[in-house]
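Accompanying notes for the structure given below.
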Amino acid sequence: MIISPLNLEIERIYFQVVRNDYKTLAITATEAGEGVTSLAAAIAHRSLLAGQSTLVVDLNLYHPSLVSQGMTVTTYDNHFLPNPELVGIKDENAFFTGIIAPSKRETIMELRRPGSLETYVEQWRKDYDLIIFDTSPVSRLNANNIPPERVAAAADGTILVVMSGQTTEAQASESVKKLHDSGAHLLGCVMNDMNNPSLRSEILREVDRLAKRFPRLTQRLRKAIFNSHLLPLEI
């Protein structure tokens with residue numbers, strides 16, 4: 001799912017990143033499918049619209065999302081990570097500069113080594129204004145992943161995505177604890193309401209069913225819903 005970079009929530013997140021002069025940002029979640037890649041792409045596009053050079057690094061080895069478009073952007077003299085290139089998101093029409101998820105065992109072990117990821121970050125900071133890490137879910141740690149809390153500790157700030165109605169409070173609290181214990185700077189949580197729409201959204205959805213038979217009535221009802229002080233939630 002693509003999130004518009006002009007979305008008000010994305011603007012608020014980006015404003016905090018700029019105001020606090022964060023140069024590296026890690027985005028993670030407790031479970032897979034909570035919207036980490038969508039959020040990373042939206043922030044990256046918002047940064048690009050602001051004229052900032054932006055790099056998205058896919059370290060979500062549990063479910064890699066970035067796909068190479070065969071166009072190298074910058075070349076570094078290293079023997080492990082792929083070089084920055086034009087990448088896209090699987091099944092989405094979204095493109096930006098990124099680094100695809102590593103697949104070689106030696107690369108994964110290298111990135112797990114203390115100080116290794118920080119060395120790469122310092123190298124990337126010379127060419128990019130903002131570096132965004134798409135990480136594996138906190139609960140999906142196994143021998144084939146790079147621990148997300150390890151990535152978060154190497155970033156200036158971390159955002160935890162929580163799927164409303166799916167991720168439990170206990171799961172979210174455990175993820176927060178792991179991030180704090182690793183030394184990560186948790187900026188906050190983003191609630192993904194995709195499966196938990198607001199009351200206003202649900203009412204509008206039901207009203208729209210009347211559009212074919214009663215277009216004028218539907219239009220008036222929609223206007224009344226948008227103007228209602230009892231339904232102030234954003235959609």
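We name chains A, B, ... following the order of the structure tokens; residues begin at 1 in each chain, and ligands are numbered from 1 as shown.
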| task | Would you please give, as a VMD selection string, all residues of stretch 111-199 of chain A that DSSP assigns to alpha helix (DSSP H) based on the backbone? | result | chain A and resid 111 to 112 116 to 125 148 to 154 169 to 181 199
| query | Any idea what's packed within 12 Å of stretch 64-76 of chain A, counting only C-alpha atoms, ignoring anything in its chain fewer than 6 positions away? Could you give it as a ChimeraX atom specification? | reply | /A:1,32-33,35-38,40-41,53-58,82-103,120,123-124,126-128,133-137,145
For the selection just defined, write its residues with C-alpha atoms to a file, as a CSV table (one decimal), in the first residue's frame.
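Once everything was written out, this is again-v7.csv:
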chain,number,residue,atom,x,y,z
A,1,MET,CA,0.0,0.0,0.0
A,32,ALA,CA,5.2,-8.4,9.7
A,33,GLY,CA,2.6,-6.6,7.6
A,35,GLY,CA,3.2,-1.0,7.3
A,36,VAL,CA,6.9,-0.4,7.9
A,37,THR,CA,7.8,-0.3,4.2
A,38,SER,CA,4.9,1.9,3.3
A,40,ALA,CA,9.5,4.3,5.0
A,41,ALA,CA,8.7,5.0,1.4
A,53,SER,CA,19.1,13.5,-0.9
A,54,THR,CA,17.6,10.4,0.6
A,55,LEU,CA,18.6,6.7,1.0
A,56,VAL,CA,16.4,3.8,2.0
A,57,VAL,CA,18.3,0.8,3.3
A,58,ASP,CA,16.3,-2.5,3.3
A,82,PRO,CA,25.3,-3.7,-2.4
A,83,ASN,CA,25.8,-0.1,-3.7
A,84,PRO,CA,23.0,2.5,-3.7
A,85,GLU,CA,20.9,2.2,-6.8
A,86,LEU,CA,17.4,3.0,-8.1
A,87,VAL,CA,15.0,0.7,-6.4
A,88,GLY,CA,11.2,0.1,-6.4
A,89,ILE,CA,8.8,-1.5,-4.1
A,90,LYS,CA,7.3,-4.9,-5.1
A,91,ASP,CA,3.9,-4.5,-6.8
A,92,GLU,CA,4.0,-0.7,-6.2
A,93,ASN,CA,4.7,2.2,-8.5
A,94,ALA,CA,7.2,3.8,-6.2
A,95,PHE,CA,10.9,4.5,-6.9
A,96,PHE,CA,13.8,6.1,-5.0
A,97,THR,CA,17.5,5.6,-4.2
A,98,GLY,CA,18.0,2.6,-1.9
A,99,ILE,CA,20.0,-0.5,-1.0
A,100,ILE,CA,18.4,-3.9,-1.5
A,101,ALA,CA,18.4,-6.4,1.4
A,102,PRO,CA,21.6,-8.4,1.6
A,103,SER,CA,21.3,-12.1,0.9
A,120,TYR,CA,28.5,2.2,6.8
A,123,GLN,CA,30.0,6.6,4.9
A,124,TRP,CA,26.5,7.1,3.6
A,126,LYS,CA,28.7,12.0,3.3
A,127,ASP,CA,26.3,11.6,0.3
A,128,TYR,CA,22.8,11.6,1.8
A,133,PHE,CA,16.2,1.8,7.6
A,134,ASP,CA,13.4,-0.6,6.9
A,135,THR,CA,14.0,-3.4,9.5
A,136,SER,CA,12.7,-6.9,10.3
A,137,PRO,CA,9.9,-7.2,12.8
A,145,ASN,CA,17.8,-11.7,10.3
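From atom CA of A:Ser139 back to atom CA of A:Glu9, the distance works out to 25.9 Å.
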| message | Can you tell me which residues surround A:Leu39 at a distance of at most 12 Å, considering only C-alpha atoms, apart from same-chain residues fewer than 2 positions away, and format the answer as a PyMOL selection string? | response | chain A and resi 1-5+7+9-11+13-14+25-29+33-37+41-46+56+132-135+159-162+189-192
| Separation of atom CA of A:Pro147 from atom CA of A:Ala172 in Å | 16.4 Å
| Do you have the atom CA of A:Val18-atom CA of A:Val176 distance handy? |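 So the answer is 23.3 Å.
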| field | 10 Å contact set for A:Val207, only C-alpha atoms, chain neighbours under 4 positions out, as a PyMOL selection string | value | chain A and resi 201-203+211+214+217-219+221-222+225
| field | All residues 9 Å or closer to A:Leu179, only C-alpha atoms, same chain fewer than 5 positions away omitted, as a list in words | value | Val138, Pro148, Glu149, Arg150, Ala152, Ala153, Thr158, Glu174, Ala184, His185 and Leu186 of chain A
Expected file: the selected residues, N, CA and C atoms, as a PDB file, in the first residue's frame:
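New file result-v4.pdb:
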ATOM      1  N   VAL A 138      10.355  -6.965  15.161  1.00  0.00           N
ATOM      2  CA  VAL A 138      11.066  -7.229  16.408  1.00  0.00           C
ATOM      3  C   VAL A 138      10.856  -8.660  16.880  1.00  0.00           C
ATOM      4  N   PRO A 148      16.459  -6.017  14.580  1.00  0.00           N
ATOM      5  CA  PRO A 148      16.004  -4.648  14.363  1.00  0.00           C
ATOM      6  C   PRO A 148      16.459  -3.686  15.450  1.00  0.00           C
ATOM      7  N   GLU A 149      16.584  -4.191  16.681  1.00  0.00           N
ATOM      8  CA  GLU A 149      17.061  -3.323  17.753  1.00  0.00           C
ATOM      9  C   GLU A 149      18.529  -2.946  17.550  1.00  0.00           C
ATOM     10  N   ARG A 150      19.279  -3.815  16.869  1.00  0.00           N
ATOM     11  CA  ARG A 150      20.671  -3.500  16.531  1.00  0.00           C
ATOM     12  C   ARG A 150      20.713  -2.355  15.514  1.00  0.00           C
ATOM     13  N   ALA A 152      18.258  -0.174  15.056  1.00  0.00           N
ATOM     14  CA  ALA A 152      17.703   0.999  15.732  1.00  0.00           C
ATOM     15  C   ALA A 152      18.755   1.706  16.583  1.00  0.00           C
ATOM     16  N   ALA A 153      19.626   0.930  17.215  1.00  0.00           N
ATOM     17  CA  ALA A 153      20.665   1.522  18.062  1.00  0.00           C
ATOM     18  C   ALA A 153      21.663   2.331  17.249  1.00  0.00           C
ATOM     19  N   THR A 158      14.131   6.158  16.152  1.00  0.00           N
ATOM     20  CA  THR A 158      13.386   4.968  15.720  1.00  0.00           C
ATOM     21  C   THR A 158      11.891   5.204  15.863  1.00  0.00           C
ATOM     22  N   GLU A 174       6.586  -5.095  24.833  1.00  0.00           N
ATOM     23  CA  GLU A 174       7.788  -5.922  24.752  1.00  0.00           C
ATOM     24  C   GLU A 174       8.742  -5.385  23.684  1.00  0.00           C
ATOM     25  N   ALA A 184      18.369   2.177  21.725  1.00  0.00           N
ATOM     26  CA  ALA A 184      17.722   2.919  20.637  1.00  0.00           C
ATOM     27  C   ALA A 184      16.980   4.131  21.188  1.00  0.00           C
ATOM     28  N   HIS A 185      16.912   5.182  20.387  1.00  0.00           N
ATOM     29  CA  HIS A 185      16.175   6.394  20.742  1.00  0.00           C
ATOM     30  C   HIS A 185      14.795   6.310  20.084  1.00  0.00           C
ATOM     31  N   LEU A 186      13.797   5.903  20.851  1.00  0.00           N
ATOM     32  CA  LEU A 186      12.447   5.722  20.316  1.00  0.00           C
ATOM     33  C   LEU A 186      11.744   7.068  20.250  1.00  0.00           C
TER      34      LEU A 186
END
